[in-house]
>>> print(open('upload32.csv').read())   # CSV, C-alpha atoms
chain,number,residue,atom,x,y,z
A,15,MET,CA,-61.0,16.3,2.2
A,16,MET,CA,-62.4,15.4,5.5
A,17,ASN,CA,-60.6,13.3,8.1
A,18,GLY,CA,-61.7,9.9,9.2
A,19,ARG,CA,-60.7,6.3,10.2
A,20,LEU,CA,-61.7,3.1,8.6
A,21,GLN,CA,-61.1,-0.4,9.9
A,22,VAL,CA,-61.6,-3.8,8.3
A,23,PRO,CA,-60.2,-7.2,9.6
A,24,PRO,CA,-56.7,-8.1,8.2
A,25,SER,CA,-58.3,-10.9,6.3
A,26,VAL,CA,-61.9,-12.3,5.9
A,27,LYS,CA,-63.5,-15.6,5.0
A,28,LYS,CA,-65.3,-15.9,1.7
A,29,GLY,CA,-69.1,-15.4,2.2
A,30,GLU,CA,-68.8,-14.9,6.0
A,31,PRO,CA,-69.8,-11.6,7.7
A,32,PHE,CA,-67.1,-9.3,8.9
A,33,GLU,CA,-67.2,-6.0,10.8
A,34,VAL,CA,-66.4,-2.7,9.2
A,35,ARG,CA,-65.9,0.3,11.5
A,36,VAL,CA,-66.0,3.9,10.4
A,37,LEU,CA,-65.2,7.1,12.3
A,38,MET,CA,-65.7,10.5,10.7
A,39,GLN,CA,-64.4,13.8,12.0
A,40,HIS,CA,-67.3,16.1,11.7
A,41,PRO,CA,-69.1,18.7,14.0
A,42,MET,CA,-72.6,17.5,13.0
A,43,GLU,CA,-74.1,20.9,13.6
A,44,THR,CA,-77.8,20.5,14.3
A,45,GLY,CA,-78.7,24.1,13.3
A,46,PHE,CA,-80.2,24.6,16.8
A,47,ARG,CA,-77.0,25.9,18.5
A,48,ARG,CA,-76.0,29.5,18.8
A,49,ASP,CA,-72.5,31.0,18.8
A,50,MET,CA,-71.0,33.3,21.5
A,51,ASN,CA,-72.8,36.3,19.9
A,52,GLY,CA,-76.1,34.6,19.9
A,53,LYS,CA,-76.1,34.0,16.1
A,54,ALA,CA,-77.6,30.7,15.0
A,55,ILE,CA,-74.9,28.2,13.7
A,56,PRO,CA,-76.2,26.9,10.3
A,57,THR,CA,-77.0,23.2,10.0
A,58,ASN,CA,-74.1,21.2,8.7
A,59,ILE,CA,-74.3,17.5,9.0
A,60,VAL,CA,-72.9,14.5,7.1
A,61,ASN,CA,-76.0,13.9,4.9
A,62,GLN,CA,-74.7,11.1,2.7
A,63,VAL,CA,-72.6,8.0,3.2
A,64,ARG,CA,-71.9,5.5,0.5
A,65,VAL,CA,-70.0,2.3,0.9
A,66,THR,CA,-68.8,0.2,-2.1
A,67,LEU,CA,-66.9,-3.0,-2.2
A,68,ALA,CA,-64.9,-3.8,-5.4
A,69,GLY,CA,-66.9,-1.1,-7.2
A,70,SER,CA,-70.4,-2.3,-6.3
A,71,GLU,CA,-72.5,-0.6,-3.8
A,72,LEU,CA,-73.0,-2.2,-0.4
A,73,PHE,CA,-75.3,0.5,0.9
A,74,SER,CA,-75.8,4.2,0.9
A,75,ALA,CA,-77.4,6.1,3.8
A,76,GLU,CA,-78.9,9.5,4.5
A,77,LEU,CA,-78.0,10.6,7.9
A,78,GLY,CA,-80.0,13.1,10.1
A,79,THR,CA,-79.3,15.5,12.9
A,80,GLY,CA,-79.7,12.8,15.5
A,81,LEU,CA,-76.0,11.7,15.5
A,82,SER,CA,-73.5,13.3,17.8
A,83,ALA,CA,-70.3,15.0,16.5
A,84,ASN,CA,-67.6,12.8,15.0
A,85,PRO,CA,-70.1,10.0,14.1
A,86,TYR,CA,-69.1,6.4,14.5
A,87,LEU,CA,-70.7,3.7,12.3
A,88,ALA,CA,-70.2,0.0,12.4
A,89,PHE,CA,-71.8,-2.6,10.1
A,90,TYR,CA,-71.3,-6.1,8.7
A,91,ALA,CA,-70.5,-7.0,5.1
A,92,MET,CA,-69.7,-10.1,3.2
A,93,ALA,CA,-67.2,-10.6,0.3
A,94,ASP,CA,-66.9,-13.4,-2.3
A,95,ALA,CA,-63.6,-12.0,-3.6
A,96,SER,CA,-60.9,-9.6,-2.5
A,97,GLY,CA,-61.4,-6.0,-3.3
A,98,GLU,CA,-61.2,-2.4,-2.2
A,99,LEU,CA,-63.8,-1.2,0.3
A,100,VAL,CA,-64.5,2.5,-0.1
A,101,VAL,CA,-66.4,4.8,2.2
A,102,GLU,CA,-67.4,8.2,0.8
A,103,TRP,CA,-69.4,10.9,2.5
A,104,SER,CA,-70.4,14.5,2.1
A,105,ASP,CA,-71.9,17.2,4.2
A,106,ASP,CA,-74.3,20.1,3.8
A,107,ARG,CA,-71.5,22.4,2.8
A,108,GLY,CA,-70.5,20.1,0.0
A,109,GLU,CA,-67.3,18.9,1.6
A,110,LYS,CA,-66.3,15.4,0.9
A,111,GLY,CA,-64.5,12.6,2.6
A,112,ARG,CA,-63.1,9.3,1.2
A,113,MET,CA,-61.4,6.4,2.8
A,114,ALA,CA,-60.4,3.0,1.3
A,115,ALA,CA,-59.2,-0.3,2.8
A,116,GLN,CA,-58.3,-3.5,1.1
A,117,VAL,CA,-60.5,-6.5,1.9
A,118,THR,CA,-58.6,-9.7,1.5
A,119,VAL,CA,-60.5,-12.9,1.2
A,120,ALA,CA,-58.1,-15.6,2.6
B,26,MET,CA,-48.4,16.1,55.1
B,27,ILE,CA,-50.1,12.8,55.8
B,28,ALA,CA,-52.7,13.6,53.3
B,29,VAL,CA,-50.1,14.4,50.7
B,30,LEU,CA,-48.3,11.1,51.3
B,31,PHE,CA,-51.4,9.1,51.3
B,32,PHE,CA,-52.4,10.8,48.1
B,33,ALA,CA,-49.1,10.3,46.3
B,34,ALA,CA,-49.4,6.6,47.0
B,35,SER,CA,-52.8,6.3,45.4
B,36,ALA,CA,-53.0,8.5,42.3
B,37,MET,CA,-55.9,7.4,40.2
B,38,ALA,CA,-56.3,8.0,36.5
B,39,GLY,CA,-59.1,10.3,35.5
B,40,VAL,CA,-60.8,7.7,33.4
B,41,GLU,CA,-61.6,5.6,36.5
B,42,PHE,CA,-64.1,8.3,37.6
B,43,GLN,CA,-65.9,8.1,34.2
B,44,SER,CA,-69.0,6.0,33.4
B,45,ALA,CA,-68.6,2.5,32.0
B,46,ASP,CA,-69.4,3.6,28.4
B,47,VAL,CA,-66.8,6.4,28.5
B,48,ARG,CA,-64.2,4.0,29.9
B,49,ALA,CA,-65.0,1.6,27.1
B,50,LEU,CA,-64.7,4.4,24.5
B,51,GLN,CA,-61.3,5.4,25.8
B,52,ALA,CA,-60.1,1.8,25.7
B,53,ASP,CA,-61.2,1.2,22.1
B,54,ASP,CA,-58.4,2.5,19.9
B,55,PHE,CA,-60.6,2.6,16.9
B,56,ALA,CA,-63.8,4.2,18.3
B,57,ASN,CA,-61.9,6.6,20.7
B,58,PRO,CA,-62.8,9.9,18.9
B,59,GLY,CA,-59.4,11.4,20.1
B,60,MET,CA,-57.7,9.0,17.7
B,61,LEU,CA,-59.0,11.2,14.8
B,62,TRP,CA,-56.7,13.9,16.0
B,63,VAL,CA,-53.8,11.5,16.6
B,64,THR,CA,-54.2,10.1,13.1
B,65,LYS,CA,-54.1,13.7,11.7
B,66,GLY,CA,-51.1,14.4,13.8
B,67,GLU,CA,-49.3,11.4,12.4
B,68,ARG,CA,-49.9,12.6,8.9
B,69,ALA,CA,-48.6,16.1,9.9
B,70,TRP,CA,-45.5,14.5,11.4
B,71,ARG,CA,-44.6,12.8,8.1
B,72,GLU,CA,-45.4,15.7,5.7
B,73,PRO,CA,-43.0,18.5,4.9
B,74,VAL,CA,-44.4,22.0,5.3
B,75,ALA,CA,-44.2,24.9,2.8
B,76,THR,CA,-41.4,26.5,4.8
B,77,GLY,CA,-39.4,23.5,5.9
B,78,ALA,CA,-38.7,19.8,6.4
B,79,ALA,CA,-41.1,17.3,8.0
B,80,CYS,CA,-40.8,16.6,11.7
B,81,GLN,CA,-40.0,13.1,10.6
B,82,SER,CA,-37.0,14.1,8.5
B,83,CYS,CA,-35.2,15.4,11.7
B,84,HIS,CA,-36.7,13.2,14.4
B,85,GLY,CA,-37.3,9.9,12.5
B,86,GLU,CA,-39.9,7.5,13.6
B,87,ALA,CA,-42.0,9.1,16.3
B,88,SER,CA,-42.6,5.7,18.0
B,89,LYS,CA,-38.9,5.7,18.8
B,90,SER,CA,-37.8,9.3,19.1
B,91,MET,CA,-40.9,10.6,20.9
B,92,LYS,CA,-41.4,7.7,23.2
B,93,GLY,CA,-41.5,8.9,26.7
B,94,VAL,CA,-40.9,12.6,25.7
B,95,ALA,CA,-44.4,13.8,26.8
B,96,ALA,CA,-44.1,12.1,30.2
B,97,ALA,CA,-41.2,14.5,31.1
B,98,TYR,CA,-43.2,17.7,30.3
B,99,PRO,CA,-43.6,20.5,31.4
B,100,LYS,CA,-39.8,20.9,31.4
B,101,PHE,CA,-37.3,23.7,31.6
B,102,ASP,CA,-36.1,24.5,28.1
B,103,ALA,CA,-32.7,26.2,28.0
B,104,THR,CA,-33.2,27.8,24.5
B,105,ILE,CA,-36.6,29.2,25.4
B,106,GLY,CA,-35.4,30.1,28.8
B,107,ARG,CA,-38.4,28.9,30.9
B,108,VAL,CA,-40.5,25.9,31.8
B,109,VAL,CA,-42.7,25.0,28.8
B,110,ASN,CA,-45.3,22.4,28.2
B,111,LEU,CA,-45.2,19.9,25.3
B,112,ASP,CA,-47.4,22.0,23.1
B,113,GLU,CA,-45.2,25.1,23.5
B,114,ARG,CA,-42.0,23.0,22.9
B,115,ILE,CA,-43.5,21.7,19.6
B,116,GLU,CA,-44.6,25.1,18.6
B,117,ALA,CA,-41.1,26.4,19.2
B,118,CYS,CA,-39.7,23.6,17.1
B,119,ARG,CA,-42.1,24.4,14.3
B,120,ARG,CA,-41.1,28.1,14.3
B,121,VAL,CA,-37.3,27.6,14.7
B,122,ASN,CA,-36.7,24.4,12.8
B,123,GLN,CA,-39.5,24.5,10.2
B,124,LYS,CA,-39.6,28.3,9.9
B,125,ALA,CA,-43.3,27.9,10.0
B,126,PRO,CA,-45.7,30.7,11.0
B,127,ALA,CA,-47.1,30.7,14.6
B,128,LEU,CA,-50.4,28.8,15.1
B,129,PRO,CA,-53.0,30.1,17.6
B,130,ALA,CA,-53.3,28.2,20.9
B,131,GLU,CA,-55.9,25.4,20.9
B,132,SER,CA,-56.0,25.4,17.0
B,133,GLU,CA,-56.5,22.0,15.5
B,134,GLU,CA,-53.1,22.0,13.9
B,135,ARG,CA,-51.5,22.4,17.2
B,136,LEU,CA,-53.6,19.9,19.0
B,137,VAL,CA,-53.0,17.2,16.5
B,138,LEU,CA,-49.3,17.4,16.9
B,139,SER,CA,-49.3,17.4,20.7
B,140,ALA,CA,-51.8,14.6,20.8
B,141,PHE,CA,-49.7,12.5,18.4
B,142,VAL,CA,-46.5,13.1,20.3
B,143,ALA,CA,-48.1,12.5,23.7
B,144,HIS,CA,-49.7,9.3,22.3
B,145,GLN,CA,-46.2,7.9,21.9
B,146,SER,CA,-45.8,7.9,25.7
B,147,ARG,CA,-48.9,5.9,26.3
B,148,GLY,CA,-48.5,3.5,29.2
B,149,LEU,CA,-45.3,5.2,30.4
B,150,PRO,CA,-45.1,6.8,33.8
B,151,ILE,CA,-45.2,10.6,34.2
B,152,GLN,CA,-41.8,11.7,35.5
B,153,VAL,CA,-41.0,15.4,35.5
B,154,SER,CA,-38.0,17.3,37.0
B,155,ILE,CA,-38.8,20.0,39.5
B,156,ASP,CA,-35.3,20.8,40.5
B,157,GLY,CA,-32.9,23.5,39.5
B,158,LEU,CA,-34.3,25.9,36.9
B,159,ALA,CA,-37.8,24.3,37.2
B,160,LYS,CA,-38.0,24.8,40.9
B,161,ALA,CA,-39.5,28.4,40.9
B,162,THR,CA,-42.2,27.4,38.4
B,163,PHE,CA,-43.0,24.3,40.5
B,164,ASP,CA,-43.3,26.4,43.6
B,165,ARG,CA,-45.6,28.8,41.9
B,166,GLY,CA,-47.8,25.9,40.6
B,167,ALA,CA,-47.9,24.4,44.1
B,168,ALA,CA,-48.9,27.7,45.6
B,169,LEU,CA,-51.7,28.3,43.1
B,170,TYR,CA,-53.0,24.8,43.6
B,171,PHE,CA,-53.7,25.6,47.3
B,172,THR,CA,-54.9,29.2,46.8
B,173,ARG,CA,-58.6,30.0,46.9
B,174,ALA,CA,-60.0,31.7,43.9
B,175,GLY,CA,-63.2,33.0,42.4
B,176,GLN,CA,-66.6,33.8,43.7
B,177,LEU,CA,-66.9,30.3,45.1
B,178,ASN,CA,-63.6,30.9,46.9
B,179,LEU,CA,-62.3,27.4,46.3
B,180,ALA,CA,-58.8,26.1,45.6
B,181,CYS,CA,-58.0,23.1,43.3
B,182,THR,CA,-57.2,21.1,46.4
B,183,HIS,CA,-60.8,21.5,47.8
B,184,CYS,CA,-62.2,19.6,44.9
B,185,HIS,CA,-59.4,17.4,43.7
B,186,ASP,CA,-57.9,16.2,47.0
B,187,ARG,CA,-60.7,16.6,49.5
B,188,ALA,CA,-63.8,15.9,47.4
B,189,TRP,CA,-62.8,13.4,44.8
B,190,GLY,CA,-65.3,10.7,44.3
B,191,LYS,CA,-68.1,13.1,45.2
B,192,THR,CA,-70.6,14.4,42.7
B,193,LEU,CA,-70.7,18.0,41.5
B,194,LEU,CA,-73.4,19.0,39.0
B,195,ASN,CA,-73.8,15.5,37.6
B,196,GLU,CA,-70.0,15.0,37.3
B,197,THR,CA,-67.9,12.8,39.6
B,198,ILE,CA,-65.0,14.9,40.8
B,199,SER,CA,-61.7,13.1,40.0
B,200,GLN,CA,-58.3,13.6,41.5
B,201,GLY,CA,-57.5,16.2,38.7
B,202,GLN,CA,-54.7,14.1,37.2
B,203,PRO,CA,-53.2,15.2,33.9
B,204,GLU,CA,-52.3,11.8,32.4
B,205,GLY,CA,-55.1,11.7,29.8
B,206,TRP,CA,-54.7,15.1,28.2
B,207,PRO,CA,-55.0,16.2,25.5
B,208,ALA,CA,-58.3,14.4,25.8
B,209,TYR,CA,-61.6,14.2,23.9
B,210,ARG,CA,-64.3,15.8,25.9
B,211,LEU,CA,-67.8,14.7,24.8
B,212,GLU,CA,-69.3,17.9,26.1
B,213,TRP,CA,-67.0,19.9,23.9
B,214,GLN,CA,-67.2,17.4,21.0
B,215,SER,CA,-63.5,18.0,20.5
B,216,LEU,CA,-60.1,17.1,21.6
B,217,ALA,CA,-58.8,19.7,24.0
B,218,SER,CA,-55.6,20.6,25.8
B,219,LEU,CA,-55.0,20.4,29.5
B,220,GLN,CA,-55.0,24.2,29.6
B,221,ARG,CA,-58.5,24.3,28.2
B,222,ARG,CA,-59.6,21.9,31.0
B,223,LEU,CA,-57.9,24.0,33.7
B,224,ARG,CA,-59.5,27.2,32.3
B,225,ALA,CA,-62.9,25.4,32.7
B,226,CYS,CA,-62.0,24.7,36.4
B,227,PHE,CA,-61.3,28.5,36.8
B,228,TYR,CA,-64.6,29.2,35.2
B,229,GLY,CA,-66.3,26.6,37.5
B,230,VAL,CA,-65.3,28.6,40.6
B,231,ARG,CA,-66.3,31.9,38.9
B,232,ALA,CA,-62.7,33.1,38.8
B,233,GLU,CA,-61.0,35.0,36.0
B,234,GLN,CA,-59.6,32.5,33.4
B,235,PRO,CA,-55.9,32.9,32.7
B,236,PRO,CA,-55.3,33.1,28.9
B,237,PHE,CA,-53.9,30.2,27.0
B,238,GLY,CA,-50.1,30.0,27.4
B,239,ASP,CA,-50.2,32.0,30.7
B,240,PRO,CA,-47.2,31.1,32.9
B,241,ASP,CA,-49.6,30.3,35.8
B,242,LEU,CA,-51.2,27.6,33.7
B,243,VAL,CA,-47.9,26.1,32.8
B,244,ALA,CA,-46.9,26.2,36.5
B,245,LEU,CA,-50.1,24.4,37.5
B,246,GLU,CA,-49.4,21.8,34.8
B,247,LEU,CA,-45.9,21.2,36.2
B,248,TYR,CA,-47.4,20.9,39.7
B,249,LEU,CA,-50.0,18.4,38.5
B,250,ALA,CA,-47.4,16.4,36.6
B,251,HIS,CA,-45.2,16.1,39.7
B,252,ARG,CA,-48.2,15.2,41.8
B,253,ALA,CA,-49.1,12.5,39.2
B,254,LYS,CA,-45.6,11.0,39.4
B,255,GLY,CA,-45.6,7.4,38.2
B,256,LEU,CA,-49.1,7.5,36.7
B,257,PRO,CA,-49.1,6.0,33.2
B,258,MET,CA,-49.9,8.4,30.4
B,259,SER,CA,-53.1,7.6,28.4
B,260,VAL,CA,-53.5,10.2,25.6
B,261,PRO,CA,-56.0,10.5,24.1
B,262,GLY,CA,-58.2,10.2,27.2
B,263,VAL,CA,-62.0,10.4,26.8
B,264,ARG,CA,-64.0,12.5,29.3
B,265,ARG,CA,-67.7,13.3,29.7
>>> encode(input="upload32.csv", output="structure tokens")
Amino acid sequence: MMNGRLQVPPSVKKGEPFEVRVLMQHPMETGFRRDMNGKAIPTNIVNQVRVTLAGSELFSAELGTGLSANPYLAFYAMADASGELVVEWSDDRGEKGRMAAQVTVA
Amino acid sequence: MIAVLFFAASAMAGVEFQSADVRALQADDFANPGMLWVTKGERAWREPVATGAACQSCHGEASKSMKGVAAAYPKFDATIGRVVNLDERIEACRRVNQKAPALPAESEERLVLSAFVAHQSRGLPIQVSIDGLAKATFDRGAALYFTRAGQLNLACTHCHDRAWGKTLLNETISQGQPEGWPAYRLEWQSLASLQRRLRACFYGVRAEQPPFGDPDLVALELYLAHRAKGLPMSVPGVRR
């Protein structure tokens, strides 16, 4: 399971946008770099990110090689009721990451 | 001597020589990429290992037991019998108290622990002892700091005392203070130890790089820490 950080506000207002911040630990290898012996380092990037709130999908995204290592994402979401916000991602090697945070509508 | 006195009175944190976006990244506890390593270190602190108890089961809450610890390293350790840096002290604790197998220098498992422990000293002033059994190591570090090396034939002092604020290959030379290390270096896309940074300076002057763990690197770390006396720790720093 890959390492990351997820941040949501301690509480949110019903129907009002709140910021979600995501940081993933990942080398985001572009496939263009070479190692010390001149061998090409294979491409390995986070290719899929999926975000759900209380089980329903907020969005999913396909990422490209343009992002630097340890990518940082921030976006806005809205909630009508409290629920768990889940971020799941996977990379070219099939490794997965998952983080969850409770969104509390106050 | 005058230069030294002036200098001691005006130690400036490395981050002050960084661009505004890097400064903002270091200040943002969420987006600071170094915090990924700190978070991992916190998990490692709480979890027992295959061969022994968790760090926490002996040391308790790190926010209390490890507060200020990093600010006093490098330090002479009576059991080990020499001056060690924080990373070496933790490694010794892992091997003796956790009976855990040795980890290679600069491995992620080692970095996360030293970053997490050093993070507990954030904001606290660096304060090392250079007396008694630490004296010889300090003297060695001070001598190295002023010794020319490499094909460029420069000593640390030529860049970090006489040329700070000037630009070198697109980088602003800082005072070479250690308070932000382990730091996340954008160029390396990773958290890195102070020793890795020092090795890069050796490389920069085309000198032979001492291996990780070399007593000369620890001696330089002690000299730098004494020179940085009073400067608040800020691990994990972020650097270009």
>>> interface_residues(input="upload32.csv", of="chain B", to="chain A", cutoff="10 Å", atoms="all atoms listed in the file", output="PyMOL selection string")
chain B and resi 55-62+64-65+211+213-215
>>> atom_distance(input="upload32.csv", atom1="CA of Ala114 in chain A", atom2="CA of Leu99 in chain A")
5.5 Å
>>> atom_distance(input="upload32.csv", atom1="CA of Ser132 in chain B", atom2="CA of Glu43 in chain A")
19.0 Å
>>> residues_around(input="upload32.csv", residues="Ala168 in chain B", least_positions_apart="2", cutoff="12 Å", atoms="all atoms listed in the file", output="list of chain:residue names")
B:Ala161, B:Thr162, B:Phe163, B:Asp164, B:Arg165, B:Gly166, B:Tyr170, B:Phe171, B:Thr172, B:Arg173, B:Ala174, B:Ala180, B:Cys181, B:Thr182, B:Asp241, B:Ala244, B:Leu245, B:Leu247, B:Tyr248, B:Leu249
>>> atom_distance(input="upload32.csv", atom1="CA of Arg119 in chain B", atom2="CA of Leu138 in chain B")
10.4 Å
>>> closest_residue(input="upload32.csv", among="B:Arg48, B:Lys100, B:Arg264, B:Arg231", to="Ser154 in chain B", atoms="only C-alpha atoms")
B:Lys100
>>> residues_near_point(input="upload32.csv", point="(-50.4, 11.6, 32.9)", cutoff="8 Å", atoms="all atoms listed in the file", output="PyMOL selection string")
chain B and resi 38+96+150-151+202-206+250+253+256-259
>>> residues_around(input="upload32.csv", residues="Arg71 in chain B", least_positions_apart="3", cutoff="12 Å", atoms="only C-alpha atoms", output="ChimeraX atom specification")
/B:64-68,74,78-87,138,141
>>> write_last_selection(input="upload32.csv", atoms="C-alpha atoms", output="short mmCIF file (atom, residue, chain, number, x, y, z; two decimals), keeping the file's coordinate frame")
data_model
loop_
_atom_site.label_atom_id
_atom_site.label_comp_id
_atom_site.auth_asym_id
_atom_site.auth_seq_id
_atom_site.Cartn_x
_atom_site.Cartn_y
_atom_site.Cartn_z
CA THR B 64 -54.20 10.10 13.10
CA LYS B 65 -54.10 13.70 11.70
CA GLY B 66 -51.10 14.40 13.80
CA GLU B 67 -49.30 11.40 12.40
CA ARG B 68 -49.90 12.60 8.90
CA VAL B 74 -44.40 22.00 5.30
CA ALA B 78 -38.70 19.80 6.40
CA ALA B 79 -41.10 17.30 8.00
CA CYS B 80 -40.80 16.60 11.70
CA GLN B 81 -40.00 13.10 10.60
CA SER B 82 -37.00 14.10 8.50
CA CYS B 83 -35.20 15.40 11.70
CA HIS B 84 -36.70 13.20 14.40
CA GLY B 85 -37.30 9.90 12.50
CA GLU B 86 -39.90 7.50 13.60
CA ALA B 87 -42.00 9.10 16.30
CA LEU B 138 -49.30 17.40 16.90
CA PHE B 141 -49.70 12.50 18.40
#
>>> closest_residue(input="upload32.csv", among="B:His251, B:Gly77, B:Glu131, B:Gly238", to="Lys160 in chain B", atoms="all atoms listed in the file")
B:His251
>>> closest_residue(input="upload32.csv", among="B:Pro73, B:Pro129, B:Gly157, B:Pro207", to="Phe237 in chain B", atoms="all atoms listed in the file")
B:Pro129
>>> residues_around(input="upload32.csv", residues="Val22 in chain A", least_positions_apart="4", cutoff="7 Å", atoms="all atoms listed in the file", output="JSON, numbers by chain")
{"A": [33, 34, 35, 115]}
>>> residues_around(input="upload32.csv", residues="Ala75 in chain A", least_positions_apart="3", cutoff="7 Å", atoms="all atoms listed in the file", output="list in words")
Gln62, Val63 and Arg64 of chain A
>>> residues_around(input="upload32.csv", residues="Val101 in chain A", least_positions_apart="4", cutoff="6 Å", atoms="all atoms listed in the file", output="ChimeraX atom specification")
/A:64-65,112-113
>>> build_atoms(input="upload32.csv", residues="range 89-102 of chain A", atoms="N, CA, C and O atoms", output="mmCIF file, keeping the file's coordinate frame")
data_model
loop_
_atom_site.group_PDB
_atom_site.id
_atom_site.type_symbol
_atom_site.label_atom_id
_atom_site.label_comp_id
_atom_site.auth_asym_id
_atom_site.auth_seq_id
_atom_site.Cartn_x
_atom_site.Cartn_y
_atom_site.Cartn_z
ATOM 1 N N PHE A 89 -70.835 -1.710 10.756
ATOM 2 C CA PHE A 89 -71.800 -2.600 10.100
ATOM 3 C C PHE A 89 -71.080 -3.843 9.617
ATOM 4 O O PHE A 89 -69.856 -3.943 9.676
ATOM 5 N N TYR A 90 -71.893 -4.812 9.184
ATOM 6 C CA TYR A 90 -71.300 -6.100 8.700
ATOM 7 C C TYR A 90 -71.453 -6.168 7.198
ATOM 8 O O TYR A 90 -72.415 -5.682 6.622
ATOM 9 N N ALA A 91 -70.454 -6.779 6.579
ATOM 10 C CA ALA A 91 -70.500 -7.000 5.100
ATOM 11 C C ALA A 91 -69.967 -8.369 4.832
ATOM 12 O O ALA A 91 -69.407 -9.037 5.708
ATOM 13 N N MET A 92 -70.194 -8.812 3.604
ATOM 14 C CA MET A 92 -69.700 -10.100 3.200
ATOM 15 C C MET A 92 -68.964 -9.916 1.837
ATOM 16 O O MET A 92 -69.361 -9.077 1.041
ATOM 17 N N ALA A 93 -67.946 -10.716 1.581
ATOM 18 C CA ALA A 93 -67.200 -10.600 0.300
ATOM 19 C C ALA A 93 -67.017 -12.001 -0.270
ATOM 20 O O ALA A 93 -66.740 -12.952 0.470
ATOM 21 N N ASP A 94 -67.156 -12.091 -1.591
ATOM 22 C CA ASP A 94 -66.900 -13.400 -2.300
ATOM 23 C C ASP A 94 -65.442 -13.346 -2.821
ATOM 24 O O ASP A 94 -64.840 -14.394 -3.032
ATOM 25 N N ALA A 95 -64.938 -12.140 -3.069
ATOM 26 C CA ALA A 95 -63.600 -12.000 -3.600
ATOM 27 C C ALA A 95 -62.916 -10.798 -2.993
ATOM 28 O O ALA A 95 -63.599 -9.899 -2.494
ATOM 29 N N SER A 96 -61.604 -10.762 -3.012
ATOM 30 C CA SER A 96 -60.900 -9.600 -2.500
ATOM 31 C C SER A 96 -61.206 -8.360 -3.283
ATOM 32 O O SER A 96 -61.522 -8.442 -4.467
ATOM 33 N N GLY A 97 -61.139 -7.226 -2.631
ATOM 34 C CA GLY A 97 -61.400 -6.000 -3.300
ATOM 35 C C GLY A 97 -61.264 -4.805 -2.391
ATOM 36 O O GLY A 97 -61.046 -4.978 -1.183
ATOM 37 N N GLU A 98 -61.387 -3.616 -2.971
ATOM 38 C CA GLU A 98 -61.200 -2.400 -2.200
ATOM 39 C C GLU A 98 -62.579 -1.992 -1.614
ATOM 40 O O GLU A 98 -63.560 -1.888 -2.363
ATOM 41 N N LEU A 99 -62.615 -1.750 -0.302
ATOM 42 C CA LEU A 99 -63.800 -1.200 0.300
ATOM 43 C C LEU A 99 -63.653 0.300 0.436
ATOM 44 O O LEU A 99 -62.642 0.773 0.953
ATOM 45 N N VAL A 100 -64.622 1.031 -0.118
ATOM 46 C CA VAL A 100 -64.500 2.500 -0.100
ATOM 47 C C VAL A 100 -65.684 3.112 0.583
ATOM 48 O O VAL A 100 -66.828 2.721 0.373
ATOM 49 N N VAL A 101 -65.380 4.044 1.471
ATOM 50 C CA VAL A 101 -66.400 4.800 2.200
ATOM 51 C C VAL A 101 -66.326 6.251 1.703
ATOM 52 O O VAL A 101 -65.249 6.846 1.764
ATOM 53 N N GLU A 102 -67.419 6.773 1.203
ATOM 54 C CA GLU A 102 -67.400 8.200 0.800
ATOM 55 C C GLU A 102 -68.564 8.884 1.480
ATOM 56 O O GLU A 102 -69.633 8.311 1.676
#
